[in-house]
file input-v9.txt (compact mmCIF, C-alpha atoms)
# COMPACT_ATOMS: atom_id res chain seq x y z
CA MET A 1 29.01 51.72 68.59
CA LYS A 2 28.10 51.64 72.26
CA HIS A 3 31.83 51.52 73.09
CA ALA A 4 32.52 54.59 70.89
CA ALA A 5 29.73 56.55 72.62
CA TRP A 6 31.30 55.85 76.00
CA ILE A 7 34.69 57.05 74.75
CA LEU A 8 33.11 60.23 73.37
CA ALA A 9 31.27 60.91 76.63
CA ALA A 10 34.43 60.33 78.65
CA THR A 11 36.41 62.64 76.34
CA LEU A 12 33.83 65.40 76.68
CA ALA A 13 33.75 65.05 80.46
CA LEU A 14 37.53 65.27 80.56
CA SER A 15 37.62 68.35 78.33
CA VAL A 16 35.02 70.13 80.44
CA GLY A 17 36.99 69.29 83.55
CA THR A 18 40.16 70.66 82.02
CA ALA A 19 38.48 73.89 80.94
CA ASN A 20 37.14 74.56 84.43
CA ALA A 21 40.18 73.56 86.43
CA ALA A 22 42.68 76.11 87.69
CA GLU A 23 45.34 76.50 85.03
CA LYS A 24 49.06 76.32 85.74
CA MET A 25 51.97 78.40 84.54
CA LYS A 26 54.93 76.79 82.77
CA ASP A 27 56.76 76.87 86.08
CA GLY A 28 54.00 74.75 87.60
CA HIS A 29 52.52 77.47 89.79
CA PRO A 30 48.82 78.38 89.57
CA ASP A 31 48.06 81.05 86.98
CA LEU A 32 46.51 84.03 88.75
CA SER A 33 46.60 86.22 85.62
CA GLY A 34 43.49 88.03 84.47
CA PHE A 35 40.78 90.47 85.45
CA TRP A 36 39.30 89.95 88.88
CA ALA A 37 36.16 91.62 90.28
CA VAL A 38 35.46 91.65 94.00
CA LYS A 39 33.08 88.86 94.89
CA PHE A 40 30.34 89.57 97.42
CA GLU A 41 29.82 86.44 99.48
CA ARG A 42 27.36 85.78 102.28
CA ALA A 43 29.72 83.13 103.65
CA PRO A 44 33.40 82.89 102.69
CA SER A 45 33.96 80.24 100.07
CA GLY A 46 37.64 80.39 100.96
CA GLN A 47 37.14 79.50 104.62
CA ALA A 48 40.18 77.22 104.42
CA LEU A 49 42.44 80.27 104.13
CA ILE A 50 40.80 81.89 107.15
CA ASP A 51 41.33 78.69 109.10
CA GLU A 52 45.06 78.98 108.43
CA LEU A 53 45.36 82.35 110.19
CA PRO A 54 47.07 82.40 113.60
CA LYS A 55 44.81 81.43 116.47
CA GLY A 56 43.20 84.48 118.08
CA THR A 57 43.41 86.66 114.96
CA THR A 58 40.69 89.31 114.88
CA MET A 59 38.80 89.31 111.58
CA ILE A 60 37.93 92.81 110.34
CA GLN A 61 34.41 92.64 108.97
CA ASP A 62 34.47 95.51 106.50
CA THR A 63 35.55 93.77 103.33
CA GLY A 64 34.04 94.72 99.97
CA PRO A 65 30.64 96.36 100.36
CA PHE A 66 30.48 96.21 104.13
CA GLU A 67 31.55 99.05 106.37
CA LEU A 68 31.79 99.68 110.07
CA LYS A 69 29.96 102.37 112.00
CA ALA A 70 31.75 105.00 114.06
CA GLY A 71 33.24 103.37 117.13
CA ASP A 72 32.94 99.83 115.76
CA PHE A 73 36.46 98.46 115.41
CA SER A 74 35.41 94.90 114.67
CA GLY A 75 36.67 93.72 118.02
CA LEU A 76 40.19 95.11 117.66
CA LYS A 77 41.80 96.37 120.86
CA LEU A 78 43.29 99.70 119.83
CA THR A 79 46.30 101.39 121.33
CA PRO A 80 45.65 104.75 123.06
CA ARG A 81 47.12 106.54 120.03
CA ALA A 82 44.76 104.83 117.55
CA LEU A 83 41.77 105.15 119.84
CA LYS A 84 42.28 108.88 120.27
CA GLN A 85 42.64 109.30 116.50
CA ALA A 86 39.35 107.45 115.98
CA GLN A 87 37.59 109.51 118.64
CA ASP A 88 38.81 112.76 117.08
CA TYR A 89 37.90 111.65 113.55
CA SER A 90 35.39 113.52 111.43
CA TYR A 91 34.53 112.05 108.03
CA LYS A 92 34.29 115.61 106.72
CA ASP A 93 38.07 115.83 107.00
CA ASP A 94 38.24 113.11 104.33
CA THR A 95 36.31 115.28 101.94
CA LYS A 96 38.68 118.23 102.18
CA VAL A 97 40.59 118.94 99.01
CA GLN A 98 43.93 118.00 100.56
CA ASN A 99 42.61 114.59 101.67
CA ASN A 100 40.02 113.79 99.07
CA CYS A 101 42.29 111.84 96.76
CA LYS A 102 44.70 110.56 99.36
CA SER A 103 45.06 106.86 98.69
CA PRO A 104 45.02 104.28 101.44
CA THR A 105 47.87 101.79 101.53
CA MET A 106 47.55 98.25 100.22
CA ALA A 107 46.45 97.27 103.72
CA PHE A 108 43.05 98.89 103.22
CA LEU A 109 42.96 99.29 99.46
CA MET A 110 42.85 95.61 98.54
CA GLN A 111 39.45 95.07 100.15
CA ALA A 112 37.78 98.00 98.37
CA PRO A 113 35.03 96.94 95.97
CA PHE A 114 36.98 97.66 92.81
CA PRO A 115 38.50 95.18 90.34
CA MET A 116 42.13 94.43 89.53
CA GLU A 117 44.23 92.91 86.77
CA ILE A 118 47.02 90.49 87.62
CA TYR A 119 50.04 89.93 85.39
CA GLN A 120 52.14 86.97 86.45
CA GLY A 121 55.72 86.23 85.54
CA ARG A 122 58.29 83.92 87.01
CA ASP A 123 60.19 86.62 88.88
CA MET A 124 57.45 89.13 89.61
CA ILE A 125 53.71 89.51 89.79
CA VAL A 126 52.02 92.83 89.04
CA MET A 127 48.64 93.75 90.49
CA LYS A 128 47.04 96.68 88.71
CA MET A 129 44.38 97.93 91.06
CA GLU A 130 41.52 100.08 89.80
CA TYR A 131 41.05 101.84 93.13
CA MET A 132 43.29 104.89 93.24
CA ASP A 133 45.27 103.51 90.25
CA MET A 134 47.63 101.66 92.57
CA VAL A 135 50.12 99.28 90.98
CA ARG A 136 51.65 96.62 93.19
CA VAL A 137 54.84 94.78 92.23
CA ILE A 138 55.50 91.56 94.08
CA PHE A 139 58.97 90.12 93.56
CA THR A 140 59.08 86.33 93.46
CA ASP A 141 62.76 86.00 92.51
CA GLY A 142 63.93 85.18 95.99
CA ARG A 143 65.19 88.63 96.95
CA GLY A 144 64.77 89.96 100.47
CA HIS A 145 63.18 93.20 101.62
CA GLU A 146 64.68 96.60 100.95
CA PRO A 147 67.00 98.00 103.63
CA ALA A 148 65.33 99.49 106.68
CA ASP A 149 66.07 103.03 105.54
CA ALA A 150 64.48 102.57 102.09
CA PRO A 151 61.44 104.76 101.34
CA HIS A 152 58.01 103.77 102.57
CA SER A 153 55.05 103.97 100.19
CA LYS A 154 51.35 103.21 99.73
CA ALA A 155 52.14 99.89 98.02
CA GLY A 156 55.08 99.05 100.28
CA ASP A 157 57.83 96.59 99.50
CA SER A 158 56.36 93.19 98.63
CA ILE A 159 58.20 89.92 98.21
CA GLY A 160 56.44 86.67 97.46
CA HIS A 161 57.01 82.95 97.34
CA TRP A 162 54.91 79.89 96.64
CA GLU A 163 53.91 77.41 99.30
CA GLY A 164 52.36 74.66 97.20
CA ASP A 165 49.51 76.30 95.30
CA THR A 166 49.41 79.33 97.60
CA LEU A 167 51.15 82.61 96.87
CA VAL A 168 52.48 84.11 100.11
CA VAL A 169 53.30 87.82 99.97
CA ASP A 170 55.21 89.64 102.69
CA THR A 171 54.93 93.45 102.70
CA THR A 172 56.84 96.02 104.73
CA HIS A 173 57.88 99.65 104.14
CA LEU A 174 54.33 100.99 104.18
CA GLU A 175 53.49 104.58 104.90
CA ALA A 176 51.09 105.18 107.75
CA GLY A 177 47.61 104.97 106.26
CA THR A 178 43.97 104.01 106.66
CA MET A 179 43.39 100.89 108.74
CA MET A 180 39.62 101.28 108.79
CA ASN A 181 37.66 104.09 107.21
CA ASN A 182 35.93 105.03 110.42
CA GLY A 183 38.82 106.93 111.84
CA PHE A 184 42.24 105.46 112.49
CA ASP A 185 45.46 104.67 110.69
CA HIS A 186 48.05 101.94 110.93
CA THR A 187 51.66 102.99 111.49
CA LYS A 188 54.57 102.89 109.07
CA ASN A 189 55.75 99.75 110.89
CA MET A 190 52.77 97.69 109.77
CA HIS A 191 53.74 94.23 108.54
CA VAL A 192 51.32 92.47 106.19
CA ILE A 193 51.33 88.82 105.13
CA GLU A 194 48.93 87.87 102.38
CA LYS A 195 47.95 84.47 101.07
CA PHE A 196 46.40 84.12 97.61
CA ARG A 197 44.88 80.86 96.42
CA LEU A 198 42.67 79.84 93.50
CA SER A 199 39.53 77.82 93.99
CA PRO A 200 39.76 74.34 92.45
CA ASP A 201 37.83 75.48 89.36
CA GLY A 202 40.08 78.53 88.92
CA LYS A 203 37.15 80.94 88.85
CA THR A 204 37.57 82.45 92.31
CA LEU A 205 40.64 83.98 93.90
CA TRP A 206 40.76 83.89 97.68
CA ALA A 207 43.03 85.99 99.84
CA THR A 208 43.72 86.80 103.43
CA GLN A 209 45.70 89.77 104.67
CA LEU A 210 47.25 89.30 108.10
CA TYR A 211 48.25 92.51 109.89
CA ASP A 212 50.78 92.99 112.65
CA ASP A 213 51.11 96.53 114.01
CA PRO A 214 51.62 96.82 117.79
CA GLY A 215 51.56 100.60 117.45
CA THR A 216 47.90 100.42 116.41
CA PHE A 217 46.26 97.32 117.90
CA ALA A 218 47.00 94.32 120.09
CA GLY A 219 47.60 90.91 118.54
CA TYR A 220 46.90 90.04 114.93
CA ALA A 221 44.12 91.33 112.69
CA ALA A 222 43.08 90.07 109.26
CA ARG A 223 40.75 90.59 106.35
CA TYR A 224 39.38 87.97 103.96
CA ILE A 225 38.79 88.99 100.35
CA SER A 226 37.58 87.06 97.30
CA TRP A 227 37.39 87.92 93.62
CA THR A 228 35.65 86.43 90.57
CA ARG A 229 37.58 85.94 87.34
CA LYS A 230 35.99 87.85 84.45
CA PRO A 231 37.83 87.28 81.18
CA GLY A 232 37.74 90.10 78.63
CA GLU A 233 37.16 92.95 81.08
CA TYR A 234 39.54 95.74 81.98
CA VAL A 235 40.44 97.98 84.86
CA TYR A 236 39.31 101.56 84.26
CA PRO A 237 41.43 104.59 85.12
CA TYR A 238 40.44 105.98 88.49
CA ASP A 239 41.84 109.50 87.98
CA CYS A 240 40.75 110.78 91.35
CA ASP A 241 39.47 114.35 91.05
CA PRO A 242 40.08 116.47 94.17
CA ASN A 243 37.57 119.06 92.92
CA TYR A 244 34.94 116.81 94.39
CA ALA A 245 35.85 118.42 97.71
CA ASN A 246 34.74 121.81 96.45
CA GLU A 247 31.26 120.67 95.48
CA MET B 1 7.29 124.49 82.65
CA ARG B 2 5.49 123.51 85.72
CA ILE B 3 7.86 121.81 88.01
CA LEU B 4 6.42 119.16 90.19
CA ILE B 5 8.28 119.21 93.45
CA ARG B 6 7.74 116.84 96.23
CA LEU B 7 9.69 115.98 99.25
CA LEU B 8 8.83 112.66 100.79
CA VAL B 9 10.62 111.18 103.72
CA PHE B 10 9.90 107.75 105.03
CA LEU B 11 11.57 105.19 107.19
CA ALA B 12 12.36 101.81 105.81
CA VAL B 13 13.79 98.72 107.32
CA LEU B 14 16.60 97.75 105.04
CA ALA B 15 19.56 95.50 105.02
CA ALA B 16 22.82 97.40 105.43
CA PRO B 17 23.32 99.47 102.28
CA LEU B 18 26.42 98.79 100.27
CA ALA B 19 29.18 101.27 99.85
CA ALA B 20 30.85 101.53 96.51
CA THR B 21 33.99 103.17 97.73
CA ALA B 22 36.17 102.90 100.75
CA HIS B 23 37.03 106.58 100.60
CA HIS B 24 34.97 107.46 103.63
CA SER B 25 32.61 105.18 105.41
CA PHE B 26 29.06 105.36 104.11
CA VAL B 27 27.56 104.50 107.47
CA VAL B 28 29.59 107.21 109.19
CA ALA B 29 28.35 109.89 106.79
CA TYR B 30 24.78 108.74 106.06
CA LEU B 31 21.81 107.23 107.89
CA PRO B 32 21.67 103.65 106.58
CA ASP B 33 18.18 102.87 107.88
CA LYS B 34 16.39 105.89 106.48
CA ILE B 35 15.38 106.47 102.88
CA ILE B 36 14.31 109.80 101.43
CA LYS B 37 12.95 110.69 98.02
CA VAL B 38 13.60 114.18 96.68
CA THR B 39 12.51 115.71 93.37
CA GLY B 40 14.11 118.72 91.78
CA VAL B 41 15.78 120.30 88.75
CA VAL B 42 19.40 119.47 87.95
CA SER B 43 21.77 122.45 88.03
CA GLU B 44 25.08 120.53 87.71
CA PHE B 45 26.34 116.98 87.38
CA ARG B 46 29.95 116.04 88.09
CA PHE B 47 30.90 112.49 87.07
CA SER B 48 34.40 111.95 88.41
CA ASN B 49 36.02 109.82 91.12
CA PRO B 50 35.90 109.39 94.03
CA HIS B 51 32.18 110.23 93.82
CA GLY B 52 29.81 111.79 91.34
CA ILE B 53 27.75 114.73 92.56
CA VAL B 54 24.33 115.85 91.33
CA HIS B 55 23.31 119.38 92.27
CA PHE B 56 19.60 120.00 92.06
CA THR B 57 17.12 122.68 93.10
CA VAL B 58 14.10 121.69 95.11
CA LYS B 59 10.93 123.67 95.68
CA THR B 60 9.12 122.64 98.82
CA PRO B 61 5.33 122.51 99.07
CA GLU B 62 5.58 125.76 101.05
CA GLY B 63 7.27 127.43 98.09
CA LYS B 64 10.72 127.56 99.63
CA VAL B 65 13.66 126.89 97.30
CA GLU B 66 16.41 124.55 98.53
CA GLU B 67 19.71 123.54 96.98
CA TRP B 68 20.41 119.82 97.31
CA LYS B 69 23.37 117.58 96.56
CA ALA B 70 23.24 113.86 95.86
CA GLU B 71 26.46 111.89 96.05
CA THR B 72 26.80 108.81 93.85
CA ASN B 73 29.00 105.73 94.00
CA SER B 74 32.31 105.89 92.24
CA PRO B 75 31.68 106.62 88.55
CA ASN B 76 33.81 103.57 87.75
CA VAL B 77 31.22 101.39 89.43
CA LEU B 78 28.40 103.27 87.74
CA LYS B 79 29.95 103.03 84.27
CA ARG B 80 29.63 99.26 84.58
CA ARG B 81 25.94 99.83 85.31
CA GLY B 82 25.43 101.89 82.18
CA TRP B 83 25.90 105.42 83.48
CA THR B 84 27.81 108.02 81.46
CA LYS B 85 28.71 111.64 82.12
CA ASP B 86 25.69 112.53 79.99
CA SER B 87 23.20 110.35 81.84
CA ILE B 88 21.96 113.39 83.75
CA LYS B 89 21.61 116.79 82.08
CA VAL B 90 21.25 120.29 83.46
CA GLY B 91 17.53 121.13 83.49
CA ASP B 92 16.37 117.54 83.93
CA VAL B 93 13.66 117.03 86.49
CA ILE B 94 14.80 114.08 88.53
CA THR B 95 13.68 112.17 91.56
CA VAL B 96 16.51 110.95 93.74
CA THR B 97 15.95 108.12 96.18
CA GLY B 98 18.61 107.45 98.78
CA TRP B 99 20.00 107.94 102.25
CA PRO B 100 20.12 111.33 104.05
CA ALA B 101 23.28 112.82 105.55
CA ARG B 102 23.68 112.30 109.27
CA ASP B 103 24.33 116.01 109.81
CA GLY B 104 20.88 116.98 108.52
CA SER B 105 22.18 118.99 105.59
CA ASN B 106 20.63 118.86 102.11
CA LEU B 107 22.95 116.06 101.12
CA MET B 108 22.03 112.48 100.29
CA ARG B 109 23.56 109.32 98.89
CA VAL B 110 22.02 108.01 95.66
CA SER B 111 20.25 104.68 95.55
CA THR B 112 18.30 105.40 92.36
CA ILE B 113 17.53 108.37 90.13
CA ASP B 114 14.35 108.56 88.08
CA LEU B 115 14.93 110.44 84.82
CA PRO B 116 12.44 112.52 82.80
CA ASP B 117 12.21 109.83 80.11
CA GLY B 118 11.06 107.24 82.62
CA LYS B 119 14.39 105.47 82.89
CA LYS B 120 15.87 104.69 86.28
CA LEU B 121 19.58 104.91 87.09
CA LEU B 122 20.80 102.44 89.68
CA GLY B 123 23.32 103.81 92.13
CA GLN B 124 24.21 102.23 95.42
CA ALA B 125 22.42 98.94 95.95
CA ALA B 126 20.22 98.57 98.99
CA THR B 127 20.93 94.96 99.82
CA PRO B 128 23.89 92.62 99.53
CA ASN B 129 21.97 90.43 97.09
CA ALA B 130 21.18 93.35 94.84
CA ALA B 131 24.81 94.39 94.74
CA ASN B 132 25.85 90.87 93.96
CA ASP B 133 23.39 90.82 91.07
CA LYS B 134 24.81 94.05 89.70
CA GLU B 135 28.42 93.14 90.09
call {"tool": "encode", "arguments": {"input": "input-v9.txt", "output": "structure tokens"}}
result
Amino acid sequence: MKHAAWILAATLALSVGTANAAEKMKDGHPDLSGFWAVKFERAPSGQALIDELPKGTTMIQDTGPFELKAGDFSGLKLTPRALKQAQDYSYKDDTKVQNNCKSPTMAFLMQAPFPMEIYQGRDMIVMKMEYMDMVRVIFTDGRGHEPADAPHSKAGDSIGHWEGDTLVVDTTHLEAGTMMNNGFDHTKNMHVIEKFRLSPDGKTLWATQLYDDPGTFAGYAARYISWTRKPGEYVYPYDCDPNYANE
Amino acid sequence: MRILIRLLVFLAVLAAPLAATAHHSFVVAYLPDKIIKVTGVVSEFRFSNPHGIVHFTVKTPEGKVEEWKAETNSPNVLKRRGWTKDSIKVGDVITVTGWPARDGSNLMRVSTIDLPDGKKLLGQAATPNAANDKE
């Protein structure tokens, strides 16, 4: 009897462990699928990803709910072009009807405090972002980037591969767009490398975005973002309404 | 109907308020360390992204009539907190608590709105912990 109780307890412990652990796809990669809400953390639970960034990378401290004041560029050394743009910036320009619903690129959009849904296949991963209704397609079939003269866009051209349990996404072909929402843009030559990794229990998704854009700032910059998995929830349509500008 | 109008401004030491959208920086447009409370009658309520807008008419103690606007978080965020497009109705007497515009205009960002039936709508959270609780 005592022996049976031990077996039962061990079985239950194992089943709980299985339920909480990060699940894998048939191809053996972590399953990132599902609804993810931005997680507000006092200290990054995914510090390990931050530690993997190149030495000297400037962390931009405006992720999720946090924002930077005018003139605070989080320690980034801006080029004269970017600095002048920031100095000339007026937030009221953002509220004009022609700018009101202008989406940022994935370089700024991913950190916004809105949820996303991820659909994961073997050859591509789709990220359906709530903010500005952006849909990102990340090809994981081994293809390279589009030719240099291919169109640039808000989502850019993203190709991904797995390094162990980490999804590494390389994005080029971005339009110029918001770098920080206190006044300056990155250029169309911005190169972004993202790393996505699940926490061991599969409930948190960690990411870093590493930015390289010599036309905007010196060296590397990065953001850290984390999301909480919330099964059963959905992304809402954003349907940005430019009439807001006329209010 | 006698409309009770009061305009109360006070300073508060707060943790950095939380923006609900990255459209334009909250701290660039509003004073994050100052809270105002304004009561008036709703004349219009728009509940669409990127921000909801409440228009309301305020009568000052001196009898002067002022038109005010209160900007909310993204309606998508607010829907998850129970707001709907019908949460605020034209004619409602409301008290809006929030942050004033930096430019001194009659514009504010919504932290909470007290409704005529005693209910309180939660807009932008005032502290990181509060936002975390709501998310």
call {"tool": "residues_near_point", "arguments": {"input": "input-v9.txt", "point": "(31.5, 101.5, 85.8)", "cutoff": "12 Å", "atoms": "all atoms listed in the file", "output": "ChimeraX atom specification"}}
result
/A:37,113-115,130,233-238 /B:20,47-49,51-52,72-85,122-123,134-135
call {"tool": "interface_residues", "arguments": {"input": "input-v9.txt", "of": "chain A", "to": "chain B", "cutoff": "10 Å", "atoms": "only C-alpha atoms", "output": "count of residues only"}}
result
56
call {"tool": "residues_around", "arguments": {"input": "input-v9.txt", "residues": "stretch 136-139 of chain A", "least_positions_apart": "5", "cutoff": "12 Å", "atoms": "only C-alpha atoms", "output": "PyMOL selection string"}}
result
chain A and resi 105-107+109-110+116-131+144-146+153-162+167-172+194
call {"tool": "atom_distance", "arguments": {"input": "input-v9.txt", "atom1": "atom CA of A:His186", "atom2": "atom CA of A:Ala207"}}
result
20.1 Å
call {"tool": "closest_residue", "arguments": {"input": "input-v9.txt", "among": "A:Leu49, A:Met179, A:Leu198, A:Val97", "to": "A:Phe217", "atoms": "all atoms listed in the file"}}
result
A:Met179
call {"tool": "atom_distance", "arguments": {"input": "input-v9.txt", "atom1": "atom CA of A:Ala22", "atom2": "atom CA of A:Trp206"}}
result
12.8 Å
call {"tool": "residues_near_point", "arguments": {"input": "input-v9.txt", "point": "(22.7, 122.4, 87.8)", "cutoff": "7 Å", "atoms": "only C-alpha atoms", "output": "JSON, numbers by chain"}}
result
{"B": [42, 43, 44, 45, 55, 56, 90, 91]}
call {"tool": "residues_around", "arguments": {"input": "input-v9.txt", "residues": "A:Ala221", "least_positions_apart": "3", "cutoff": "10 Å", "atoms": "all atoms listed in the file", "output": "NGL selection string"}}
result
:A and (53-54 or 56-60 or 74-77 or 192 or 209-213 or 217-218)
call {"tool": "atom_distance", "arguments": {"input": "input-v9.txt", "atom1": "atom CA of B:Lys64", "atom2": "atom CA of B:Ser105"}}
result
15.5 Å
call {"tool": "closest_residue", "arguments": {"input": "input-v9.txt", "among": "B:Arg102, B:Lys59, B:Lys34, B:Lys120", "to": "B:Ser87", "atoms": "all atoms listed in the file"}}
result
B:Lys120
call {"tool": "closest_residue", "arguments": {"input": "input-v9.txt", "among": "B:Ile36, B:Thr60, B:Thr112, B:Val41", "to": "B:Lys89", "atoms": "all atoms listed in the file"}}
result
B:Val41
call {"tool": "closest_residue", "arguments": {"input": "input-v9.txt", "among": "A:Asp88, A:Asp201, A:Asp185, A:Glu23", "to": "A:Gly215", "atoms": "all atoms listed in the file"}}
result
A:Asp185
call {"tool": "decode", "arguments": {"input": "input-v9.txt", "residues": "stretch 102-124 of chain B", "atoms": "N, CA and C atoms", "output": "tab-separated table (two decimals), in the first residue's frame"}}
result
chain	number	residue	atom	x	y	z
B	102	ARG	N	0.95	69.26	-21.00
B	102	ARG	CA	2.10	70.14	-20.74
B	102	ARG	C	1.87	71.55	-21.27
B	103	ASP	N	1.07	71.66	-22.35
B	103	ASP	CA	0.90	72.98	-22.97
B	103	ASP	C	-0.14	73.85	-22.27
B	104	GLY	N	-0.71	73.35	-21.18
B	104	GLY	CA	-1.64	74.16	-20.40
B	104	GLY	C	-3.04	74.25	-20.97
B	105	SER	N	-3.30	73.51	-22.04
B	105	SER	CA	-4.64	73.54	-22.62
B	105	SER	C	-5.61	72.70	-21.78
B	106	ASN	N	-6.89	72.76	-22.10
B	106	ASN	CA	-7.90	72.00	-21.36
B	106	ASN	C	-7.94	70.55	-21.84
B	107	LEU	N	-6.81	69.93	-21.76
B	107	LEU	CA	-6.65	68.54	-22.20
B	107	LEU	C	-5.98	67.77	-21.07
B	108	MET	N	-6.45	66.55	-20.84
B	108	MET	CA	-5.85	65.73	-19.79
B	108	MET	C	-5.85	64.26	-20.22
B	109	ARG	N	-5.03	63.48	-19.55
B	109	ARG	CA	-5.00	62.04	-19.79
B	109	ARG	C	-5.74	61.35	-18.64
B	110	VAL	N	-6.57	60.39	-18.97
B	110	VAL	CA	-7.45	59.76	-17.98
B	110	VAL	C	-6.72	58.73	-17.13
B	111	SER	N	-6.83	58.90	-15.83
B	111	SER	CA	-6.44	57.84	-14.91
B	111	SER	C	-7.70	57.09	-14.47
B	112	THR	N	-8.69	57.84	-14.00
B	112	THR	CA	-9.98	57.23	-13.65
B	112	THR	C	-11.11	58.18	-14.03
B	113	ILE	N	-12.30	57.62	-14.21
B	113	ILE	CA	-13.49	58.44	-14.43
B	113	ILE	C	-14.59	57.94	-13.48
B	114	ASP	N	-15.09	58.84	-12.67
B	114	ASP	CA	-16.21	58.52	-11.79
B	114	ASP	C	-17.51	58.79	-12.53
B	115	LEU	N	-18.37	57.76	-12.58
B	115	LEU	CA	-19.63	57.85	-13.31
B	115	LEU	C	-20.78	58.25	-12.39
B	116	PRO	N	-21.90	58.69	-12.97
B	116	PRO	CA	-23.04	59.12	-12.14
B	116	PRO	C	-23.59	58.02	-11.23
B	117	ASP	N	-23.46	56.75	-11.67
B	117	ASP	CA	-24.00	55.66	-10.85
B	117	ASP	C	-23.03	55.20	-9.75
B	118	GLY	N	-21.95	55.91	-9.58
B	118	GLY	CA	-21.01	55.57	-8.53
B	118	GLY	C	-19.89	54.65	-8.97
B	119	LYS	N	-20.00	54.13	-10.18
B	119	LYS	CA	-18.94	53.25	-10.68
B	119	LYS	C	-17.74	54.07	-11.10
B	120	LYS	N	-16.58	53.41	-11.08
B	120	LYS	CA	-15.34	54.08	-11.47
B	120	LYS	C	-14.70	53.32	-12.63
B	121	LEU	N	-14.40	54.02	-13.70
B	121	LEU	CA	-13.69	53.42	-14.83
B	121	LEU	C	-12.20	53.62	-14.65
B	122	LEU	N	-11.45	52.54	-14.80
B	122	LEU	CA	-10.00	52.63	-14.67
B	122	LEU	C	-9.36	52.83	-16.03
B	123	GLY	N	-8.63	53.92	-16.17
B	123	GLY	CA	-7.91	54.17	-17.41
B	123	GLY	C	-6.45	53.82	-17.25
B	124	GLN	N	-5.61	54.81	-17.43
B	124	GLN	CA	-4.18	54.56	-17.32
B	124	GLN	C	-3.81	54.37	-15.86
